[in-house]
file data-v1.pdb (PDB, C-alpha atoms, pLDDT in the B column)
ATOM      1  CA  MET A  96     121.118 -36.985  43.201  1.00 89.00           C
ATOM      2  CA  ARG A  97     121.656 -40.563  44.342  1.00 84.00           C
ATOM      3  CA  SER A  98     120.931 -42.281  47.630  1.00 87.00           C
ATOM      4  CA  ALA A  99     119.371 -45.472  48.957  1.00 88.00           C
ATOM      5  CA  LEU A 100     116.972 -43.072  50.666  1.00 84.00           C
ATOM      6  CA  PHE A 101     115.222 -42.649  47.304  1.00 80.00           C
ATOM      7  CA  SER A 102     114.606 -46.371  46.783  1.00 86.00           C
ATOM      8  CA  ALA A 103     111.111 -47.505  45.850  1.00 85.00           C
ATOM      9  CA  GLU A 104     110.338 -48.763  49.339  1.00 81.00           C
ATOM     10  CA  ASN A 105     110.636 -45.227  50.735  1.00 83.00           C
ATOM     11  CA  LEU A 106     108.584 -43.470  48.062  1.00 85.00           C
ATOM     12  CA  GLU A 107     104.993 -42.455  48.697  1.00 83.00           C
ATOM     13  CA  LYS A 108     102.536 -45.282  48.062  1.00 80.00           C
ATOM     14  CA  GLU A 109      99.794 -44.259  45.639  1.00 77.00           C
ATOM     15  CA  SER A 110      96.295 -45.724  45.311  1.00 74.00           C
ATOM     16  CA  ALA A 111      93.175 -44.945  43.333  1.00 67.00           C
ATOM     17  CA  GLN A 112      90.919 -45.691  46.317  1.00 74.00           C
ATOM     18  CA  PRO A 113      90.398 -43.306  49.254  1.00 81.00           C
ATOM     19  CA  GLY A 114      90.899 -44.496  52.811  1.00 92.00           C
ATOM     20  CA  MET A 115      93.579 -45.870  55.115  1.00 95.00           C
ATOM     21  CA  ARG A 116      96.639 -47.821  54.078  1.00 94.00           C
ATOM     22  CA  LEU A 117     100.105 -48.384  55.439  1.00 95.00           C
ATOM     23  CA  GLN A 118     102.813 -46.167  54.007  1.00 95.00           C
ATOM     24  CA  ASN A 119     105.279 -48.399  55.866  1.00 95.00           C
ATOM     25  CA  SER A 120     105.285 -50.304  59.153  1.00 95.00           C
ATOM     26  CA  LYS A 121     105.589 -47.087  61.187  1.00 97.00           C
ATOM     27  CA  MET A 122     103.394 -44.683  59.229  1.00 97.00           C
ATOM     28  CA  LEU A 123      99.745 -44.554  58.213  1.00 97.00           C
ATOM     29  CA  LYS A 124      98.522 -42.790  55.095  1.00 97.00           C
ATOM     30  CA  ILE A 125      94.915 -41.643  54.800  1.00 97.00           C
ATOM     31  CA  GLU A 126      93.819 -40.714  51.297  1.00 96.00           C
ATOM     32  CA  LEU A 127      91.113 -38.388  52.528  1.00 95.00           C
ATOM     33  CA  ASN A 128      87.929 -37.692  50.624  1.00 94.00           C
ATOM     34  CA  GLY A 129      85.504 -36.544  53.292  1.00 94.00           C
ATOM     35  CA  GLU A 130      86.417 -37.014  56.948  1.00 94.00           C
ATOM     36  CA  ALA A 131      88.265 -39.282  59.366  1.00 95.00           C
ATOM     37  CA  MET A 132      89.293 -39.223  63.026  1.00 92.00           C
ATOM     38  CA  ALA A 133      92.876 -39.260  64.323  1.00 93.00           C
ATOM     39  CA  ARG A 134      94.868 -38.890  67.514  1.00 91.00           C
ATOM     40  CA  VAL A 135      95.794 -35.279  68.272  1.00 90.00           C
ATOM     41  CA  GLY A 136      99.421 -34.592  67.368  1.00 92.00           C
ATOM     42  CA  SER A 137      99.812 -37.662  65.148  1.00 95.00           C
ATOM     43  CA  MET A 138      99.984 -35.788  61.821  1.00 97.00           C
ATOM     44  CA  VAL A 139     103.535 -35.764  60.439  1.00 97.00           C
ATOM     45  CA  ALA A 140     102.749 -34.466  56.918  1.00 97.00           C
ATOM     46  CA  TYR A 141      99.840 -33.777  54.585  1.00 97.00           C
ATOM     47  CA  GLN A 142      99.152 -32.744  50.999  1.00 96.00           C
ATOM     48  CA  GLY A 143      96.045 -31.123  49.591  1.00 96.00           C
ATOM     49  CA  GLN A 144      93.169 -29.225  51.157  1.00 96.00           C
ATOM     50  CA  VAL A 145      92.763 -30.665  54.662  1.00 96.00           C
ATOM     51  CA  GLN A 146      91.321 -29.052  57.791  1.00 96.00           C
ATOM     52  CA  PHE A 147      92.087 -30.212  61.343  1.00 94.00           C
ATOM     53  CA  GLN A 148      89.607 -29.704  64.183  1.00 90.00           C
ATOM     54  CA  ALA A 149      90.421 -30.683  67.786  1.00 84.00           C
ATOM     55  CA  LEU A 150      87.584 -32.612  69.419  1.00 76.00           C
ATOM     56  CA  GLY A 151      88.934 -33.460  72.880  1.00 60.00           C
ATOM     57  CA  SER A 152      87.740 -36.981  73.644  1.00 48.00           C
ATOM     58  CA  GLY A 153      84.870 -37.011  71.159  1.00 48.00           C
ATOM     59  CA  GLY A 154      82.002 -35.245  72.930  1.00 50.00           C
ATOM     60  CA  LEU A 155      81.023 -34.000  76.400  1.00 43.00           C
ATOM     61  CA  GLY A 156      80.020 -37.420  77.711  1.00 49.00           C
ATOM     62  CA  LYS A 157      83.299 -39.018  76.638  1.00 49.00           C
ATOM     63  CA  PHE A 158      85.233 -35.991  77.910  1.00 44.00           C
ATOM     64  CA  LEU A 159      83.753 -36.382  81.400  1.00 41.00           C
ATOM     65  CA  LYS A 160      84.414 -40.117  81.364  1.00 45.00           C
ATOM     66  CA  GLN A 161      88.009 -39.537  80.314  1.00 47.00           C
ATOM     67  CA  LYS A 162      88.571 -37.066  83.151  1.00 41.00           C
ATOM     68  CA  LEU A 163      87.266 -39.576  85.691  1.00 38.00           C
ATOM     69  CA  THR A 164      88.870 -42.720  84.274  1.00 37.00           C
ATOM     70  CA  GLY A 165      92.089 -41.511  82.640  1.00 41.00           C
ATOM     71  CA  GLU A 166      91.062 -43.443  79.522  1.00 46.00           C
ATOM     72  CA  GLY A 167      90.067 -42.056  76.147  1.00 54.00           C
ATOM     73  CA  VAL A 168      91.564 -40.722  72.947  1.00 66.00           C
ATOM     74  CA  PRO A 169      92.363 -37.013  72.401  1.00 79.00           C
ATOM     75  CA  LEU A 170      90.887 -36.655  68.925  1.00 85.00           C
ATOM     76  CA  MET A 171      91.008 -34.387  65.923  1.00 89.00           C
ATOM     77  CA  LYS A 172      88.686 -34.514  62.927  1.00 91.00           C
ATOM     78  CA  LEU A 173      90.280 -34.495  59.478  1.00 95.00           C
ATOM     79  CA  THR A 174      88.099 -33.070  56.719  1.00 96.00           C
ATOM     80  CA  GLY A 175      88.708 -32.259  53.081  1.00 97.00           C
ATOM     81  CA  ARG A 176      90.527 -33.909  50.236  1.00 96.00           C
ATOM     82  CA  GLY A 177      94.190 -34.868  50.245  1.00 95.00           C
ATOM     83  CA  ASP A 178      96.784 -37.211  51.731  1.00 95.00           C
ATOM     84  CA  VAL A 179      97.467 -37.222  55.478  1.00 97.00           C
ATOM     85  CA  PHE A 180     100.401 -39.094  57.037  1.00 98.00           C
ATOM     86  CA  LEU A 181     100.131 -40.161  60.681  1.00 98.00           C
ATOM     87  CA  ALA A 182     102.573 -41.723  63.142  1.00 97.00           C
ATOM     88  CA  ASP A 183     103.066 -42.057  66.904  1.00 96.00           C
ATOM     89  CA  PHE A 184     106.688 -42.095  68.137  1.00 95.00           C
ATOM     90  CA  ALA A 185     107.696 -44.661  65.473  1.00 96.00           C
ATOM     91  CA  LYS A 186     105.414 -47.339  66.920  1.00 97.00           C
ATOM     92  CA  ASP A 187     104.312 -50.157  64.619  1.00 97.00           C
ATOM     93  CA  VAL A 188     100.995 -49.411  62.893  1.00 98.00           C
ATOM     94  CA  HIS A 189      98.328 -52.028  62.134  1.00 97.00           C
ATOM     95  CA  ILE A 190      94.973 -51.660  60.345  1.00 97.00           C
ATOM     96  CA  ILE A 191      91.897 -53.594  61.476  1.00 97.00           C
ATOM     97  CA  ASP A 192      88.686 -53.846  59.437  1.00 96.00           C
ATOM     98  CA  LEU A 193      85.553 -53.983  61.596  1.00 96.00           C
ATOM     99  CA  GLU A 194      82.478 -55.593  60.109  1.00 94.00           C
ATOM    100  CA  PRO A 195      78.872 -55.107  61.276  1.00 93.00           C
ATOM    101  CA  GLY A 196      78.485 -56.966  64.561  1.00 92.00           C
ATOM    102  CA  ASP A 197      82.186 -56.733  65.478  1.00 94.00           C
ATOM    103  CA  ALA A 198      83.305 -54.972  68.647  1.00 95.00           C
ATOM    104  CA  LEU A 199      86.875 -54.279  69.703  1.00 96.00           C
ATOM    105  CA  SER A 200      88.033 -53.257  73.179  1.00 94.00           C
ATOM    106  CA  ILE A 201      91.265 -51.290  72.914  1.00 92.00           C
ATOM    107  CA  ASN A 202      93.644 -49.372  75.139  1.00 88.00           C
ATOM    108  CA  GLY A 203      93.080 -45.706  74.273  1.00 84.00           C
ATOM    109  CA  SER A 204      96.822 -45.050  74.027  1.00 86.00           C
ATOM    110  CA  SER A 205      96.987 -47.513  71.107  1.00 92.00           C
ATOM    111  CA  VAL A 206      94.395 -45.749  68.920  1.00 92.00           C
ATOM    112  CA  LEU A 207      95.961 -43.858  65.999  1.00 95.00           C
ATOM    113  CA  ALA A 208      93.030 -43.186  63.629  1.00 95.00           C
ATOM    114  CA  PHE A 209      89.644 -44.547  62.606  1.00 94.00           C
ATOM    115  CA  ASP A 210      86.881 -44.043  60.091  1.00 95.00           C
ATOM    116  CA  SER A 211      84.188 -41.630  61.229  1.00 91.00           C
ATOM    117  CA  SER A 212      81.623 -44.356  60.488  1.00 93.00           C
ATOM    118  CA  LEU A 213      82.759 -46.242  63.618  1.00 93.00           C
ATOM    119  CA  GLN A 214      81.187 -45.695  67.030  1.00 90.00           C
ATOM    120  CA  TYR A 215      83.128 -45.808  70.279  1.00 86.00           C
ATOM    121  CA  ASP A 216      82.590 -45.392  73.990  1.00 85.00           C
ATOM    122  CA  ILE A 217      84.645 -45.605  77.193  1.00 80.00           C
ATOM    123  CA  LYS A 218      83.590 -48.609  79.259  1.00 79.00           C
ATOM    124  CA  MET A 219      84.785 -50.401  82.336  1.00 74.00           C
ATOM    125  CA  VAL A 220      86.540 -53.683  81.645  1.00 73.00           C
ATOM    126  CA  GLY A 221      84.384 -56.479  83.017  1.00 63.00           C
ATOM    127  CA  GLY A 222      85.708 -58.247  86.095  1.00 58.00           C
ATOM    128  CA  THR A 223      88.095 -55.510  87.226  1.00 52.00           C
ATOM    129  CA  GLY A 224      85.867 -53.808  89.765  1.00 51.00           C
ATOM    130  CA  MET A 225      87.131 -51.857  92.722  1.00 41.00           C
ATOM    131  CA  ALA A 226      90.051 -54.252  93.253  1.00 44.00           C
ATOM    132  CA  ALA A 227      91.798 -52.565  90.349  1.00 43.00           C
ATOM    133  CA  SER A 228      90.348 -49.106  91.107  1.00 43.00           C
ATOM    134  CA  GLY A 229      88.563 -49.514  87.800  1.00 47.00           C
ATOM    135  CA  LEU A 230      90.155 -50.450  84.484  1.00 66.00           C
ATOM    136  CA  PHE A 231      88.671 -48.760  81.415  1.00 71.00           C
ATOM    137  CA  ASN A 232      89.022 -49.216  77.668  1.00 82.00           C
ATOM    138  CA  CYS A 233      87.608 -47.747  74.468  1.00 87.00           C
ATOM    139  CA  VAL A 234      85.138 -50.078  72.758  1.00 91.00           C
ATOM    140  CA  PHE A 235      84.738 -49.620  68.995  1.00 94.00           C
ATOM    141  CA  SER A 236      81.905 -51.049  66.900  1.00 95.00           C
ATOM    142  CA  GLY A 237      80.284 -50.560  63.524  1.00 95.00           C
ATOM    143  CA  HIS A 238      81.632 -50.877  60.000  1.00 95.00           C
ATOM    144  CA  GLY A 239      84.944 -49.310  59.049  1.00 95.00           C
ATOM    145  CA  ARG A 240      88.689 -49.281  59.606  1.00 96.00           C
ATOM    146  CA  ILE A 241      90.740 -48.486  62.677  1.00 96.00           C
ATOM    147  CA  ALA A 242      94.508 -48.068  62.858  1.00 97.00           C
ATOM    148  CA  ILE A 243      96.209 -49.093  66.089  1.00 97.00           C
ATOM    149  CA  THR A 244      99.810 -48.927  67.270  1.00 96.00           C
ATOM    150  CA  THR A 245     101.998 -51.374  69.161  1.00 97.00           C
ATOM    151  CA  LYS A 246     105.435 -51.025  70.707  1.00 95.00           C
ATOM    152  CA  GLY A 247     107.175 -53.710  68.684  1.00 94.00           C
ATOM    153  CA  THR A 248     105.786 -56.689  66.808  1.00 95.00           C
ATOM    154  CA  PRO A 249     102.785 -58.076  68.717  1.00 96.00           C
ATOM    155  CA  VAL A 250     101.490 -61.599  69.125  1.00 97.00           C
ATOM    156  CA  VAL A 251      97.815 -62.360  68.515  1.00 97.00           C
ATOM    157  CA  LEU A 252      96.616 -64.989  70.976  1.00 97.00           C
ATOM    158  CA  ASN A 253      93.577 -67.088  70.128  1.00 96.00           C
ATOM    159  CA  VAL A 254      91.638 -67.526  73.349  1.00 95.00           C
ATOM    160  CA  ASP A 255      90.973 -71.255  73.134  1.00 91.00           C
ATOM    161  CA  ALA A 256      92.168 -71.878  76.714  1.00 90.00           C
ATOM    162  CA  PRO A 257      92.320 -69.742  79.874  1.00 88.00           C
ATOM    163  CA  THR A 258      94.594 -66.857  78.908  1.00 93.00           C
ATOM    164  CA  TYR A 259      96.437 -64.436  81.195  1.00 92.00           C
ATOM    165  CA  VAL A 260      98.091 -61.177  80.103  1.00 91.00           C
ATOM    166  CA  ASP A 261      99.877 -58.321  81.822  1.00 88.00           C
ATOM    167  CA  PRO A 262      97.288 -55.506  81.575  1.00 85.00           C
ATOM    168  CA  GLN A 263      99.986 -53.030  80.509  1.00 85.00           C
ATOM    169  CA  ALA A 264     100.925 -55.265  77.548  1.00 92.00           C
ATOM    170  CA  ALA A 265      97.359 -55.967  76.397  1.00 92.00           C
ATOM    171  CA  VAL A 266      96.670 -53.741  73.370  1.00 94.00           C
ATOM    172  CA  CYS A 267      93.185 -54.851  72.363  1.00 95.00           C
ATOM    173  CA  TRP A 268      90.857 -57.839  72.395  1.00 96.00           C
ATOM    174  CA  SER A 269      87.497 -59.100  71.198  1.00 95.00           C
ATOM    175  CA  ALA A 270      84.887 -57.211  73.201  1.00 93.00           C
ATOM    176  CA  SER A 271      82.861 -60.420  73.528  1.00 92.00           C
ATOM    177  CA  LEU A 272      85.527 -62.054  75.738  1.00 93.00           C
ATOM    178  CA  GLN A 273      84.931 -62.440  79.456  1.00 92.00           C
ATOM    179  CA  THR A 274      87.637 -60.646  81.407  1.00 90.00           C
ATOM    180  CA  GLY A 275      88.889 -60.828  84.969  1.00 87.00           C
ATOM    181  CA  TYR A 276      91.573 -59.194  87.069  1.00 81.00           C
ATOM    182  CA  HIS A 277      93.702 -61.217  89.462  1.00 75.00           C
ATOM    183  CA  ARG A 278      96.429 -60.525  91.950  1.00 69.00           C
ATOM    184  CA  ALA A 279      99.619 -62.306  90.962  1.00 60.00           C
ATOM    185  CA  GLU A 280      99.662 -64.272  94.215  1.00 56.00           C
ATOM    186  CA  GLN A 281      96.389 -65.955  93.244  1.00 55.00           C
ATOM    187  CA  LEU A 282      98.097 -67.365  90.158  1.00 54.00           C
ATOM    188  CA  GLY A 283     101.261 -68.464  91.917  1.00 55.00           C
ATOM    189  CA  LEU A 284     103.276 -65.592  90.435  1.00 53.00           C
ATOM    190  CA  GLY A 285     103.856 -63.670  93.639  1.00 51.00           C
ATOM    191  CA  THR A 286     107.362 -65.068  94.062  1.00 47.00           C
ATOM    192  CA  LEU A 287     109.739 -66.786  91.702  1.00 43.00           C
ATOM    193  CA  LEU A 288     112.958 -68.328  93.048  1.00 40.00           C
ATOM    194  CA  GLY A 289     112.635 -66.100  96.084  1.00 44.00           C
ATOM    195  CA  ARG A 290     112.199 -62.918  94.046  1.00 41.00           C
ATOM    196  CA  THR A 291     109.098 -60.913  93.239  1.00 43.00           C
ATOM    197  CA  THR A 292     107.978 -60.971  89.607  1.00 43.00           C
ATOM    198  CA  GLY A 293     107.029 -57.297  89.437  1.00 49.00           C
ATOM    199  CA  GLU A 294     103.596 -58.316  88.124  1.00 52.00           C
ATOM    200  CA  ALA A 295     101.075 -57.180  90.741  1.00 65.00           C
ATOM    201  CA  PHE A 296      97.960 -57.909  88.621  1.00 73.00           C
ATOM    202  CA  THR A 297      97.152 -60.134  85.666  1.00 84.00           C
ATOM    203  CA  MET A 298      94.163 -59.998  83.310  1.00 88.00           C
ATOM    204  CA  SER A 299      92.335 -63.183  82.406  1.00 91.00           C
ATOM    205  CA  PHE A 300      90.390 -63.838  79.197  1.00 94.00           C
ATOM    206  CA  ALA A 301      87.846 -66.537  78.453  1.00 94.00           C
ATOM    207  CA  GLY A 302      85.410 -67.290  75.647  1.00 94.00           C
ATOM    208  CA  GLN A 303      85.935 -67.141  71.900  1.00 93.00           C
ATOM    209  CA  GLY A 304      88.095 -64.416  70.417  1.00 95.00           C
ATOM    210  CA  PHE A 305      91.607 -62.965  70.387  1.00 96.00           C
ATOM    211  CA  VAL A 306      93.948 -60.796  72.437  1.00 97.00           C
ATOM    212  CA  VAL A 307      96.707 -58.657  70.917  1.00 97.00           C
ATOM    213  CA  VAL A 308      99.783 -58.498  73.170  1.00 96.00           C
ATOM    214  CA  GLN A 309     102.727 -56.176  72.545  1.00 95.00           C
ATOM    215  CA  PRO A 310     106.312 -56.935  73.650  1.00 93.00           C
ATOM    216  CA  SER A 311     106.404 -53.837  75.843  1.00 83.00           C
ATOM    217  CA  GLU A 312     104.427 -52.540  78.783  1.00 71.00           C
ATOM    218  CA  GLU A 313     102.663 -49.197  78.798  1.00 63.00           C
ATOM    219  CA  PRO A 314     103.459 -47.238  81.978  1.00 60.00           C
ATOM    220  CA  PRO A 315     100.543 -47.340  84.426  1.00 54.00           C
ATOM    221  CA  ILE A 316      98.451 -44.201  84.699  1.00 48.00           C
ATOM    222  CA  GLN A 317      99.517 -42.099  87.667  1.00 45.00           C
ATOM    223  CA  GLY A 318      96.636 -40.698  89.654  1.00 43.00           C
ATOM    224  CA  SER A 319      95.568 -39.654  93.102  1.00 38.00           C
ATOM    225  CA  GLY A 320      93.469 -41.760  95.395  1.00 38.00           C
ATOM    226  CA  THR A 321      90.530 -39.466  94.696  1.00 35.00           C
ATOM    227  CA  GLN A 322      90.845 -40.053  90.947  1.00 38.00           C
ATOM    228  CA  GLN A 323      90.968 -43.805  91.537  1.00 38.00           C
ATOM    229  CA  GLN A 324      87.860 -43.609  93.691  1.00 36.00           C
ATOM    230  CA  GLN A 325      86.116 -41.572  91.017  1.00 35.00           C
ATOM    231  CA  GLY A 326      87.125 -44.152  88.411  1.00 37.00           C
ATOM    232  CA  GLY A 327      85.662 -46.913  90.557  1.00 37.00           C
ATOM    233  CA  LEU A 328      82.432 -44.978  91.114  1.00 33.00           C
ATOM    234  CA  LEU A 329      82.083 -44.284  87.399  1.00 36.00           C
ATOM    235  CA  GLY A 330      82.734 -47.960  86.737  1.00 38.00           C
ATOM    236  CA  ASN A 331      79.678 -48.846  88.827  1.00 36.00           C
ATOM    237  CA  LEU A 332      77.604 -46.468  86.703  1.00 34.00           C
ATOM    238  CA  LEU A 333      78.939 -47.858  83.427  1.00 39.00           C
ATOM    239  CA  SER A 334      78.789 -51.542  84.303  1.00 36.00           C
TER     240      SER A 334
END
call {"tool": "encode", "arguments": {"input": "data-v1.pdb", "output": "structure tokens"}}
result
Amino acid sequence: MRSALFSAENLEKESAQPGMRLQNSKMLKIELNGEAMARVGSMVAYQGQVQFQALGSGGLGKFLKQKLTGEGVPLMKLTGRGDVFLADFAKDVHIIDLEPGDALSINGSSVLAFDSSLQYDIKMVGGTGMAASGLFNCVFSGHGRIAITTKGTPVVLNVDAPTYVDPQAAVCWSASLQTGYHRAEQLGLGTLLGRTTGEAFTMSFAGQGFVVVQPSEEPPIQGSGTQQQQGGLLGNLLS
């Protein structure tokens, strides 16, 4: 049988070392020898002896936070030995290595998988406050790998000057950065040639670090006024 489909670039990538690696730009392969964490529903194929256990948002505390904030990652634990292939609607997949002392703030919808050695929590983004009804992200720390997704090829901005990003396009950033939340009118973006920009709020970043920006905007979370109030109240408790 002959086809370009069977070219080397489409064949399974093999490695002698367990762990995460890219099968291609849209698919993650985990050579599992123990356990790892992944987004529920992201498994597209697996080989070997692998068990899948749904974990909700990673514990009761995180579950309650997710219900109040709308943020979080619906997780499943992968255990066993074998190869697991993960993807999320053909989004681009990127692997980040966290070293001791690193901390990454990331939009929960962009988390695909991570090593079980990493710790994470749901925290309010500094500077958002009640003006934004609370903006929350997952903050990862520890030593290990995390796989994230972006809609399209992102740009990584070094924050060496005041930096402003549409919050729906911001994928992740250095948790050490100082963040703020501004109405577009405060930045002179309220009108452009007599037309509105469609950008009601903009995030600001300052300090030393990076921001990953994707060329697409995630749809804003739809919620009732009560949920927004709850998110703001929880933000006061978490801040």
call {"tool": "resolve_selection", "arguments": {"input": "data-v1.pdb", "expression": "the PyMOL selection byres ((chain A and resi 274) around 12)", "output": "ChimeraX atom specification"}}
result
/A:200,219-224,230-231,254,257-260,262,265,268-273,275-277,297-306
call {"tool": "write_last_selection", "arguments": {"input": "data-v1.pdb", "atoms": "C-alpha atoms", "output": "compact mmCIF listing (two decimals), in the frame of the given file"}}
result
# COMPACT_ATOMS: atom_id res chain seq x y z
CA SER A 200 88.03 -53.26 73.18
CA MET A 219 84.78 -50.40 82.34
CA VAL A 220 86.54 -53.68 81.64
CA GLY A 221 84.38 -56.48 83.02
CA GLY A 222 85.71 -58.25 86.10
CA THR A 223 88.10 -55.51 87.23
CA GLY A 224 85.87 -53.81 89.76
CA LEU A 230 90.16 -50.45 84.48
CA PHE A 231 88.67 -48.76 81.42
CA VAL A 254 91.64 -67.53 73.35
CA PRO A 257 92.32 -69.74 79.87
CA THR A 258 94.59 -66.86 78.91
CA TYR A 259 96.44 -64.44 81.19
CA VAL A 260 98.09 -61.18 80.10
CA PRO A 262 97.29 -55.51 81.58
CA ALA A 265 97.36 -55.97 76.40
CA TRP A 268 90.86 -57.84 72.40
CA SER A 269 87.50 -59.10 71.20
CA ALA A 270 84.89 -57.21 73.20
CA SER A 271 82.86 -60.42 73.53
CA LEU A 272 85.53 -62.05 75.74
CA GLN A 273 84.93 -62.44 79.46
CA GLY A 275 88.89 -60.83 84.97
CA TYR A 276 91.57 -59.19 87.07
CA HIS A 277 93.70 -61.22 89.46
CA THR A 297 97.15 -60.13 85.67
CA MET A 298 94.16 -60.00 83.31
CA SER A 299 92.34 -63.18 82.41
CA PHE A 300 90.39 -63.84 79.20
CA ALA A 301 87.85 -66.54 78.45
CA GLY A 302 85.41 -67.29 75.65
CA GLN A 303 85.94 -67.14 71.90
CA GLY A 304 88.10 -64.42 70.42
CA PHE A 305 91.61 -62.96 70.39
CA VAL A 306 93.95 -60.80 72.44
call {"tool": "closest_residue", "arguments": {"input": "data-v1.pdb", "among": "A:Arg134, A:Lys172, A:Arg97, A:Arg116", "to": "Asp192 (chain A)", "atoms": "all atoms listed in the file"}}
result
A:Arg116
call {"tool": "resolve_selection", "arguments": {"input": "data-v1.pdb", "expression": "the PyMOL selection byres ((chain A and resi 175) around 10)", "output": "JSON, numbers by chain"}}
result
{"A": [127, 128, 129, 130, 131, 143, 144, 145, 146, 147, 173, 174, 176, 177, 178]}
call {"tool": "write_last_selection", "arguments": {"input": "data-v1.pdb", "atoms": "C-alpha atoms", "output": "PDB file, in the coordinates of the input"}}
result
ATOM      1  CA  LEU A 127      91.113 -38.388  52.528  1.00 95.00           C
ATOM      2  CA  ASN A 128      87.929 -37.692  50.624  1.00 94.00           C
ATOM      3  CA  GLY A 129      85.504 -36.544  53.292  1.00 94.00           C
ATOM      4  CA  GLU A 130      86.417 -37.014  56.948  1.00 94.00           C
ATOM      5  CA  ALA A 131      88.265 -39.282  59.366  1.00 95.00           C
ATOM      6  CA  GLY A 143      96.045 -31.123  49.591  1.00 96.00           C
ATOM      7  CA  GLN A 144      93.169 -29.225  51.157  1.00 96.00           C
ATOM      8  CA  VAL A 145      92.763 -30.665  54.662  1.00 96.00           C
ATOM      9  CA  GLN A 146      91.321 -29.052  57.791  1.00 96.00           C
ATOM     10  CA  PHE A 147      92.087 -30.212  61.343  1.00 94.00           C
ATOM     11  CA  LEU A 173      90.280 -34.495  59.478  1.00 95.00           C
ATOM     12  CA  THR A 174      88.099 -33.070  56.719  1.00 96.00           C
ATOM     13  CA  ARG A 176      90.527 -33.909  50.236  1.00 96.00           C
ATOM     14  CA  GLY A 177      94.190 -34.868  50.245  1.00 95.00           C
ATOM     15  CA  ASP A 178      96.784 -37.211  51.731  1.00 95.00           C
TER      16      ASP A 178
END
call {"tool": "atom_distance", "arguments": {"input": "data-v1.pdb", "atom1": "CA of Pro169 (chain A)", "atom2": "CA of Asn232 (chain A)"}}
result
13.7 Å
call {"tool": "resolve_selection", "arguments": {"input": "data-v1.pdb", "expression": "the PyMOL selection byres ((chain A and resi 201-210) around 9)", "output": "number ranges by chain"}}
result
A: 114-115, 123, 130-135, 137, 166-170, 181-183, 188, 199-200, 211-213, 217, 231-235, 238-245, 265-270, 313
call {"tool": "atom_distance", "arguments": {"input": "data-v1.pdb", "atom1": "CA of Pro249 (chain A)", "atom2": "CA of Val307 (chain A)"}}
result
6.5 Å
